[in-house]
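What follows is the content of target_30.txt (compact mmCIF, C-alpha atoms).
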# COMPACT_ATOMS: atom_id res chain seq x y z
CA MET A 26 9.85 9.42 -0.60
CA ILE A 27 8.20 6.39 0.98
CA ILE A 28 4.48 6.31 0.24
CA SER A 29 1.71 3.90 1.26
CA ILE A 30 -0.98 3.54 -1.40
CA LEU A 31 -4.29 1.78 -0.81
CA ASN A 32 -8.04 2.08 -0.56
CA CYS A 33 -10.27 1.53 2.43
CA ASP A 34 -13.96 1.27 3.16
CA ILE A 35 -15.92 3.44 5.61
CA LYS A 36 -14.57 1.37 8.53
CA TYR A 37 -10.95 1.56 7.28
CA GLY A 38 -11.30 -2.03 6.08
CA ILE A 39 -8.80 -2.99 3.37
CA GLY A 40 -9.23 -6.67 2.57
CA LYS A 41 -10.78 -10.05 3.06
CA ARG A 42 -9.67 -13.56 2.11
CA ASN A 43 -6.35 -12.14 0.82
CA GLY A 44 -8.17 -10.03 -1.75
CA LEU A 45 -9.55 -6.59 -2.44
CA LEU A 46 -12.93 -5.47 -1.10
CA PHE A 47 -14.12 -3.76 -4.27
CA SER A 48 -13.56 -3.69 -8.02
CA LEU A 49 -12.73 -0.03 -8.64
CA PRO A 50 -11.49 0.69 -12.19
CA LEU A 51 -10.68 4.38 -11.53
CA ASP A 52 -8.79 3.56 -8.34
CA MET A 53 -6.93 0.72 -10.10
CA LYS A 54 -5.95 3.11 -12.91
CA PHE A 55 -4.71 5.63 -10.32
CA PHE A 56 -2.67 2.88 -8.63
CA ARG A 57 -1.15 1.71 -11.95
CA GLU A 58 -0.28 5.19 -13.17
CA THR A 59 1.10 6.29 -9.79
CA THR A 60 3.33 3.26 -9.18
CA LYS A 61 4.44 2.49 -12.77
CA GLY A 62 8.19 2.82 -13.15
CA HIS A 63 8.72 2.92 -9.40
CA VAL A 64 9.47 0.50 -6.57
CA VAL A 65 6.59 -1.38 -4.92
CA CYS A 66 7.04 -3.17 -1.59
CA MET A 67 4.79 -5.90 -0.25
CA GLY A 68 4.44 -8.95 1.88
CA GLU A 69 4.45 -12.44 0.41
CA ASN A 70 0.66 -12.88 0.57
CA THR A 71 0.15 -9.73 -1.49
CA LEU A 72 2.42 -11.11 -4.21
CA LEU A 73 0.56 -14.43 -4.11
CA SER A 74 -2.77 -12.60 -4.53
CA PHE A 75 -1.73 -11.24 -7.95
CA PRO A 76 -2.74 -13.07 -11.15
CA GLY A 77 -0.40 -16.06 -11.49
CA SER A 78 1.41 -14.86 -8.34
CA LYS A 79 3.57 -12.78 -10.69
CA PRO A 80 5.16 -9.44 -9.76
CA LEU A 81 3.72 -6.19 -11.08
CA LYS A 82 5.12 -5.26 -14.50
CA ASN A 83 7.21 -2.15 -15.11
CA ARG A 84 8.10 -1.84 -11.43
CA THR A 85 10.79 -3.08 -9.08
CA ASN A 86 8.99 -5.46 -6.69
CA ILE A 87 10.41 -5.95 -3.17
CA VAL A 88 8.80 -8.89 -1.38
CA LEU A 89 9.14 -9.78 2.30
CA SER A 90 8.78 -13.47 3.15
CA GLN A 91 9.64 -14.60 6.67
CA ASP A 92 10.41 -18.05 5.21
CA GLU A 93 13.99 -18.00 3.90
CA THR A 94 13.20 -20.84 1.49
CA HIS A 95 10.59 -18.71 -0.30
CA ASN A 96 12.30 -16.82 -3.13
CA TYR A 97 10.32 -15.58 -6.10
CA ASP A 98 11.45 -14.88 -9.65
CA GLY A 99 11.51 -11.30 -10.84
CA VAL A 100 11.48 -9.69 -7.40
CA VAL A 101 13.92 -8.49 -4.76
CA ASN A 102 13.48 -11.13 -2.04
CA VAL A 103 14.02 -10.14 1.61
CA HIS A 104 13.48 -12.33 4.67
CA SER A 105 13.25 -10.07 7.72
CA PHE A 106 11.48 -6.83 8.49
CA GLU A 107 14.84 -5.19 9.25
CA GLU A 108 16.16 -6.21 5.81
CA PHE A 109 12.89 -5.00 4.26
CA LEU A 110 13.29 -1.54 5.84
CA LYS A 111 16.96 -1.35 4.86
CA THR A 112 16.15 -2.25 1.25
CA ILE A 113 13.32 0.31 1.14
CA SER A 114 15.66 2.95 2.55
CA GLU A 115 18.30 2.26 -0.12
CA TYR A 116 15.82 2.50 -2.99
CA SER A 117 14.11 5.59 -1.54
CA LYS A 118 17.36 7.59 -1.78
CA ASN A 119 16.92 7.75 -5.56
CA GLU A 120 13.21 7.28 -6.25
CA ASP A 121 9.74 7.04 -4.79
CA VAL A 122 8.95 3.75 -3.07
CA TYR A 123 5.36 2.57 -2.64
CA ILE A 124 4.11 0.30 0.14
CA ILE A 125 1.28 -1.78 -1.37
CA GLY A 126 0.29 -4.26 1.36
CA GLY A 127 -0.87 -6.30 3.01
CA ALA A 128 -2.30 -5.15 6.32
CA SER A 129 0.70 -6.19 8.45
CA ILE A 130 3.16 -4.48 6.09
CA TYR A 131 1.08 -1.30 6.06
CA ARG A 132 0.90 -1.28 9.86
CA GLN A 133 4.60 -1.97 10.42
CA THR A 134 5.83 0.58 7.85
CA LEU A 135 3.38 3.37 8.75
CA PRO A 136 5.78 5.22 11.10
CA TYR A 137 8.38 5.38 8.27
CA VAL A 138 6.25 6.65 5.39
CA ASP A 139 6.28 10.26 4.22
CA LYS A 140 2.68 10.13 3.10
CA VAL A 141 -0.32 7.90 2.49
CA LEU A 142 -2.35 8.00 -0.72
CA LEU A 143 -5.68 6.71 0.57
CA THR A 144 -8.72 6.21 -1.60
CA LYS A 145 -11.73 6.33 0.68
CA VAL A 146 -14.62 4.16 -0.48
CA ASN A 147 -18.08 5.21 0.69
CA ALA A 148 -19.26 1.65 1.35
CA ASP A 149 -18.80 -1.19 3.82
CA GLY A 150 -16.81 -3.99 2.19
CA GLY A 151 -17.19 -6.52 5.01
CA ALA A 152 -13.45 -6.46 5.67
CA GLU A 153 -11.42 -8.92 7.73
CA VAL A 154 -8.31 -6.71 7.90
CA TYR A 155 -8.07 -3.00 8.59
CA PHE A 156 -5.81 0.02 8.15
CA PRO A 157 -5.27 2.40 11.08
CA ASN A 158 -7.77 5.29 11.08
CA LEU A 159 -5.53 8.19 10.05
CA ASP A 160 -8.17 10.75 11.01
CA GLU A 161 -7.65 9.64 14.63
CA ASN A 162 -3.84 9.41 14.40
CA PRO A 163 -2.10 12.56 15.70
CA ASP A 164 0.99 11.82 13.55
CA PHE A 165 -0.99 12.23 10.31
CA GLU A 166 -2.84 15.12 8.75
CA CYS A 167 -5.03 15.13 5.67
CA VAL A 168 -3.38 17.57 3.24
CA ASP A 169 -5.52 16.87 0.19
CA GLU A 170 -9.06 15.61 -0.13
CA GLY A 171 -10.52 15.32 -3.60
CA GLU A 172 -14.16 15.69 -4.48
CA PRO A 173 -16.28 12.54 -4.29
CA ILE A 174 -16.48 10.76 -7.65
CA MET A 175 -18.30 7.66 -8.83
CA ASP A 176 -16.17 4.59 -9.64
CA GLY A 177 -18.73 2.32 -11.21
CA ASP A 178 -21.64 2.45 -8.77
CA ILE A 179 -19.49 3.24 -5.71
CA GLU A 180 -18.52 6.71 -4.48
CA ILE A 181 -14.79 7.20 -3.82
CA ARG A 182 -12.60 10.10 -2.74
CA PHE A 183 -8.84 10.37 -3.32
CA THR A 184 -7.05 11.70 -0.22
CA THR A 185 -3.44 12.36 0.80
CA TYR A 186 -2.17 12.22 4.37
CA ARG A 187 1.20 13.56 5.48
CA ASN A 188 3.22 11.97 8.28
CA LYS A 189 4.10 14.83 10.64
CA ASN A 190 6.44 12.65 12.74
CA LYS A 191 8.16 10.34 10.28
CA LYS A 192 10.67 7.98 11.87
CA SER A 193 14.03 7.49 10.18
CA ILE A 194 14.94 4.03 8.97
So that I can check it, write out the structure of this file as structure tokens.
Amino acid sequence: MIISILNCDIKYGIGKRNGLLFSLPLDMKFFRETTKGHVVCMGENTLLSFPGSKPLKNRTNIVLSQDETHNYDGVVNVHSFEEFLKTISEYSKNEDVYIIGGASIYRQTLPYVDKVLLTKVNADGGAEVYFPNLDENPDFECVDEGEPIMDGDIEIRFTTYRNKNKKSI
């Protein structure tokens, strides 16, 4: 399966200044536990936003950089969106593959994902980049919506959306 995993604010905002909108320990734990041991796919800026610009541990990291001179240690480097999709497709034959950002990668891969694990944050994070509103997208349906829970002092809700019209890679 190919799965996007992320959180968004009440306006479907997902980031600002190449960083997260909120510090959400429960959501971060969910992300870690869900993706550990699997493949994570991201754009170059997402990799660079990690501590020390190092790949996530205990995962295969696939990184798309449009600049062919940018190759990072400890990751599978790809340099075109077509190569990115092909690599994702190969890995997804044997295991779950998670799309983890940034905004452009989420947008471009959305037609190809099986589902989206979306943590909805009941707050406005003042975002600069946004995720498509899946509640208004006829290709997606919410198949699971957890109860609201408090993550620190912010209310969140874990949801799962299924792609009803997944495109083949």
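Point (9.8, 0.1, 8.5) has the following residues at most 10 Å away: Ile27, Phe106, Glu107, Glu108, Phe109, Leu110, Lys111, Thr112, Ile113, Ser114, Ile130, Tyr131, Arg132, Gln133, Thr134, Leu135, Pro136, Tyr137, Val138, Lys192, Ser193 and Ile194 of chain A (atoms considered: only C-alpha atoms).
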In Å and to one decimal, CA of Glu69 in chain A is distant from CA of Cys33 in chain A by 20.4 Å
Kindly give the distance, in Å, that separates CA of Leu142 in chain A and CA of Asp176 in chain A, rounded to a single decimal.
16.8 Å
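As for CA of Gln91 in chain A and CA of Asn188 in chain A, they are spaced 27.4 Å apart.
Nearest-residue note for Glu115 in chain A: choosing from A:Val168, A:Thr59, A:Asp160, A:Met26, the minimum distance belongs to A:Met26, counting only C-alpha atoms.
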Give as a VMD selection string the set of residues within 8 Å of the point (15.0, -15.9, 6.9), where distances use the file's coordinates and all atoms listed in the file.
chain A and resid 90 to 94 103 to 105
Residue subset to file, keeping C-alpha atoms, as a compact mmCIF listing (two decimals), in the frame of the given file:
# COMPACT_ATOMS: atom_id res chain seq x y z
CA SER A 90 8.78 -13.47 3.15
CA GLN A 91 9.64 -14.60 6.67
CA ASP A 92 10.41 -18.05 5.21
CA GLU A 93 13.99 -18.00 3.90
CA THR A 94 13.20 -20.84 1.49
CA VAL A 103 14.02 -10.14 1.61
CA HIS A 104 13.48 -12.33 4.67
CA SER A 105 13.25 -10.07 7.72
Neighbours of Leu143 in chain A within 8 Å (all atoms listed in the file; same-chain residues fewer than 3 positions away dropped), as a PyMOL selection string?
chain A and resi 29-33+183-186
So that I can see what lies close to range 44-56 of chain A, please list as a PDB file with C-alpha atoms, keeping the file's coordinate frame the residues with an atom at most 7 Å from it, counting only C-alpha atoms and leaving out residues fewer than 3 positions away in the same chain.
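Dumped everything to result_22.pdb:
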ATOM      1  CA  ILE A  39      -8.800  -2.990   3.370  1.00  0.00           C
ATOM      2  CA  GLY A  40      -9.230  -6.670   2.570  1.00  0.00           C
ATOM      3  CA  LYS A  41     -10.780 -10.050   3.060  1.00  0.00           C
ATOM      4  CA  THR A  59       1.100   6.290  -9.790  1.00  0.00           C
ATOM      5  CA  THR A  60       3.330   3.260  -9.180  1.00  0.00           C
ATOM      6  CA  SER A  74      -2.770 -12.600  -4.530  1.00  0.00           C
ATOM      7  CA  GLY A 150     -16.810  -3.990   2.190  1.00  0.00           C
ATOM      8  CA  ALA A 152     -13.450  -6.460   5.670  1.00  0.00           C
ATOM      9  CA  ASP A 176     -16.170   4.590  -9.640  1.00  0.00           C
ATOM     10  CA  GLY A 177     -18.730   2.320 -11.210  1.00  0.00           C
TER      11      GLY A 177
END
Excluding range 61-64 of chain A and its own-chain neighbours fewer than 6 positions away, which residues fall within 8 Å of it when counting all atoms listed in the file? Please give them as a list of chain:residue names.
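My reading of the contact set: A:Lys82, A:Asn83, A:Arg84, A:Thr85, A:Asn86, A:Ile87, A:Tyr116, A:Glu120, A:Asp121, A:Val122, A:Tyr123.
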Hey, could you pull the box centre and edge lengths for range 125-134 of chain A, axis-aligned, 8 Å padding per side, all listed atoms, to one decimal in Å, as JSON?
{"center_x": 1.8, "center_y": -2.9, "center_z": 4.5, "size_x": 24.1, "size_y": 22.9, "size_z": 27.8}
Any idea what's packed within 9 Å of Thr71 in chain A, counting all atoms listed in the file, ignoring anything in its chain fewer than 4 positions away? Could you give it as a ChimeraX atom specification?
/A:43-44,67,75,78,88,125-127
Between A:Gly68, A:Pro76, A:Pro173, A:Gly99, single out the one closest to Asn147 in chain A, counting all atoms listed in the file.
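Checking each candidate against Asn147 in chain A, we get A:Pro173 as the closest.
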Calculated over all atoms listed in the file, which of the candidates A:Val65, A:Val101, A:Ala148, A:Ile35 has the smallest distance to Ser117 in chain A?
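Using all atoms listed in the file, the shortest distance to Ser117 in chain A belongs to A:Val65.
Distances from A:Ile174, A:Ile181, A:Ala128, A:Val141 to Arg42 in chain A were compared using all atoms listed in the file, and the smallest one belongs to A:Ala128.
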Just want the 8 Å neighbourhood of Gly38 in chain A, counted on all atoms listed in the file, with same-chain residues fewer than 6 positions away dropped. Output as a ChimeraX atom specification.
/A:149-156
